[in-house]
Number of protein chains: 2
Amino acid sequence: MTTSPTDAAAAAARALLASESVGVLSTISVHRAGTPYGSITPYALGADGAPLLLLSGLAAHTHNLRADPRAGLFVGDRSAAADPQAGARVSLMGRAALLRAEAEPDARARYLDRWPRAAQYLALKDFAFWRLEIEEARLIAGFGEIRWLTL
Amino acid sequence: MTTSPTDAAAAAARALLASESVGVLSTISVHRAGTPYGSITPYALGADGAPLLLLSGLAAHTHNLRADPRAGLFVGDRSAAADPQAGARVSLMGRAALLRAEAEPDARARYLDRWPRAAQYLALKDFAFWRLEIEEARLIAGFGEIRWLTL
């Protein structure tokens with residue numbers, strides 16, 4: 001069995017997403033119309049690999065997503081923190097949507113498995129699950145090794 | 001002498017920017033029109049506190065900035081890596097522009113002071129300095145303590 005470079009890169013991107021649990025979410029600011037806005041965002045992964053986010057209805061990024069669902073999620077290998085440009089990282093682009101009610105029990109279990117402390121937020125009424133539908137992913141595996149992927 | 005909470009927050013934001021040297025740059029993707037795109041980006045600070053970025057002309061974020069200069073720079077306290085949501089972080093929004101030629105010697109000195117290894121990139125013709133003009137900053141100093149600032 002042979003694996004194409006693209007398949008191998010997609011597998012590496014999925015492995016990185018699975019091994020990390022925090023990214024920087026990029027949204028389009030309502031507060032300063034049209035300007036990208038970055039915020040740190042814990043995530044878990046759905047069965048299909050899509051990131052699941054637990055967002056406060058009061059947070060700036062949530063206001064932004066309500067107005068424009070287009071979003072990016074940047075995830076870097078934190079074990080390479082001493083030289084972040086040397087580590088692998090993946091940059092996802094897609095659209096975020098409130099999770100459908102029937103998908104919530106599974107999301108809750110997956111999220112708590114990665115973020116046990118999130119139980120306190122789940123008890124609050126203003127937190128809700130969002131799902132990032134990945135439209136495109138860019139894997140950067142060290143300097144110069146870059147490719148666009150569909151995950 | 002008294003310090004207002006806003007002044008104290010602006011000072012904390014500036015101190016965080018000065019103590020870190022890597023952020024996640026959010027730009028608006030050309031590749032997938034209008035979608036925010038995050039990428040890891042080392043930075044130095046100019047005399048006025050504006051982030052100075054050394055970008056490759058071949059990089060996706062540079063293509064994006066040429067088409068739309070609006071950008072965000074997210075900087076988190078990496079010493080809080082075990083619990084990134086507990087650490088202070090600052091999210092800048094503004095516009096990026098190629099640095100004017102007369103400002104380059106100072107930028108070069110400041111950048112090399114923070115990133116000595118960048119000497120190898122400076123020797124390459126396709127790297128150039130950009131400056132992020134900060135229009136707004138958001139400081140998050142732990143959960144719930146959030147404010148908008150002008151730096």
# chains A, B, ... in the order shown; residues from 1 in each chain; ligands from 1
call {"tool": "residues_around", "arguments": {"residues": "region 107-115 of chain B", "least_positions_apart": "5", "cutoff": "12 Å", "atoms": "only C-alpha atoms", "output": "JSON, numbers by chain"}}
result
{"A": [83, 85], "B": [18, 19, 20, 21, 22, 41, 42, 43, 44, 45, 46, 47, 48, 49, 50, 51, 52, 53, 54, 55, 98, 99, 100, 101, 102, 120, 121, 122, 123, 127, 128, 129, 130, 131]}
call {"tool": "residues_around", "arguments": {"residues": "Trp148 (chain A)", "least_positions_apart": "3", "cutoff": "10 Å", "atoms": "only C-alpha atoms", "output": "NGL selection string"}}
result
(:A and (6 or 9-10 or 90-92 or 136-140 or 151)) or (:B and (31))
call {"tool": "write_last_selection", "arguments": {"atoms": "N, CA and C atoms", "output": "compact mmCIF listing (two decimals), in the first residue's frame"}}
result
# COMPACT_ATOMS: atom_id res chain seq x y z
N THR A 6 -0.03 13.89 -0.23
CA THR A 6 -1.21 14.61 0.26
C THR A 6 -1.91 13.82 1.36
N ALA A 9 0.15 14.11 4.46
CA ALA A 9 0.02 15.43 5.08
C ALA A 9 -1.32 15.55 5.79
N ALA A 10 -2.39 15.03 5.19
CA ALA A 10 -3.70 15.08 5.83
C ALA A 10 -3.68 14.27 7.12
N VAL A 90 -1.09 23.60 11.89
CA VAL A 90 -2.15 23.47 10.90
C VAL A 90 -3.07 24.67 11.03
N SER A 91 -3.47 25.20 9.90
CA SER A 91 -4.35 26.36 9.89
C SER A 91 -5.61 25.95 9.13
N LEU A 92 -6.73 25.90 9.86
CA LEU A 92 -8.01 25.49 9.27
C LEU A 92 -8.79 26.72 8.85
N GLU A 136 -11.05 24.05 4.31
CA GLU A 136 -9.68 23.90 3.81
C GLU A 136 -8.71 23.90 4.99
N ALA A 137 -7.62 23.20 4.80
CA ALA A 137 -6.60 23.14 5.84
C ALA A 137 -5.24 23.37 5.20
N ARG A 138 -4.40 24.07 5.92
CA ARG A 138 -3.03 24.26 5.45
C ARG A 138 -2.12 23.66 6.51
N LEU A 139 -1.28 22.72 6.09
CA LEU A 139 -0.32 22.11 7.02
C LEU A 139 1.04 22.70 6.73
N ILE A 140 1.70 23.18 7.79
CA ILE A 140 3.08 23.63 7.67
C ILE A 140 3.90 22.72 8.57
N LEU A 151 -9.49 18.09 4.41
CA LEU A 151 -9.47 17.02 5.44
C LEU A 151 -10.75 16.21 5.40
N HIS B 31 -6.93 33.05 -0.76
CA HIS B 31 -7.12 31.69 -1.27
C HIS B 31 -8.57 31.23 -1.10
call {"tool": "closest_atom_pairs", "arguments": {"of": "chain B", "to": "chain A", "cutoff": "7 Å", "atoms": "only C-alpha atoms", "output": "JSON lines"}}
result
{"residue": "B:Ser26", "atom": "CA", "partner": "A:Pro36", "partner_atom": "CA", "distance": 5.6}
{"residue": "B:Thr27", "atom": "CA", "partner": "A:Pro36", "partner_atom": "CA", "distance": 6.0}
{"residue": "B:Ile28", "atom": "CA", "partner": "A:Pro36", "partner_atom": "CA", "distance": 6.8}
{"residue": "B:Thr35", "atom": "CA", "partner": "A:Arg70", "partner_atom": "CA", "distance": 5.2}
{"residue": "B:Pro36", "atom": "CA", "partner": "A:Gly72", "partner_atom": "CA", "distance": 5.2}
{"residue": "B:Tyr37", "atom": "CA", "partner": "A:Gly72", "partner_atom": "CA", "distance": 5.1}
{"residue": "B:Gly38", "atom": "CA", "partner": "A:Phe74", "partner_atom": "CA", "distance": 5.3}
{"residue": "B:Ser39", "atom": "CA", "partner": "A:Phe74", "partner_atom": "CA", "distance": 6.6}
{"residue": "B:Arg70", "atom": "CA", "partner": "A:Thr35", "partner_atom": "CA", "distance": 5.2}
{"residue": "B:Ala71", "atom": "CA", "partner": "A:Pro36", "partner_atom": "CA", "distance": 5.3}
{"residue": "B:Gly72", "atom": "CA", "partner": "A:Tyr37", "partner_atom": "CA", "distance": 5.1}
{"residue": "B:Leu73", "atom": "CA", "partner": "A:Gly38", "partner_atom": "CA", "distance": 6.6}
{"residue": "B:Phe74", "atom": "CA", "partner": "A:Gly38", "partner_atom": "CA", "distance": 5.3}
{"residue": "B:Ser91", "atom": "CA", "partner": "A:Gly38", "partner_atom": "CA", "distance": 6.1}
{"residue": "B:Met93", "atom": "CA", "partner": "A:Tyr37", "partner_atom": "CA", "distance": 6.5}
call {"tool": "atom_distance", "arguments": {"atom1": "CA of Ala88 (chain B)", "atom2": "CA of Ala141 (chain B)"}}
result
4.3 Å
call {"tool": "closest_residue", "arguments": {"among": "A:Ala8, A:Ala96, A:Leu16, A:Ala118", "to": "Asp77 (chain A)", "atoms": "only C-alpha atoms"}}
result
A:Leu16
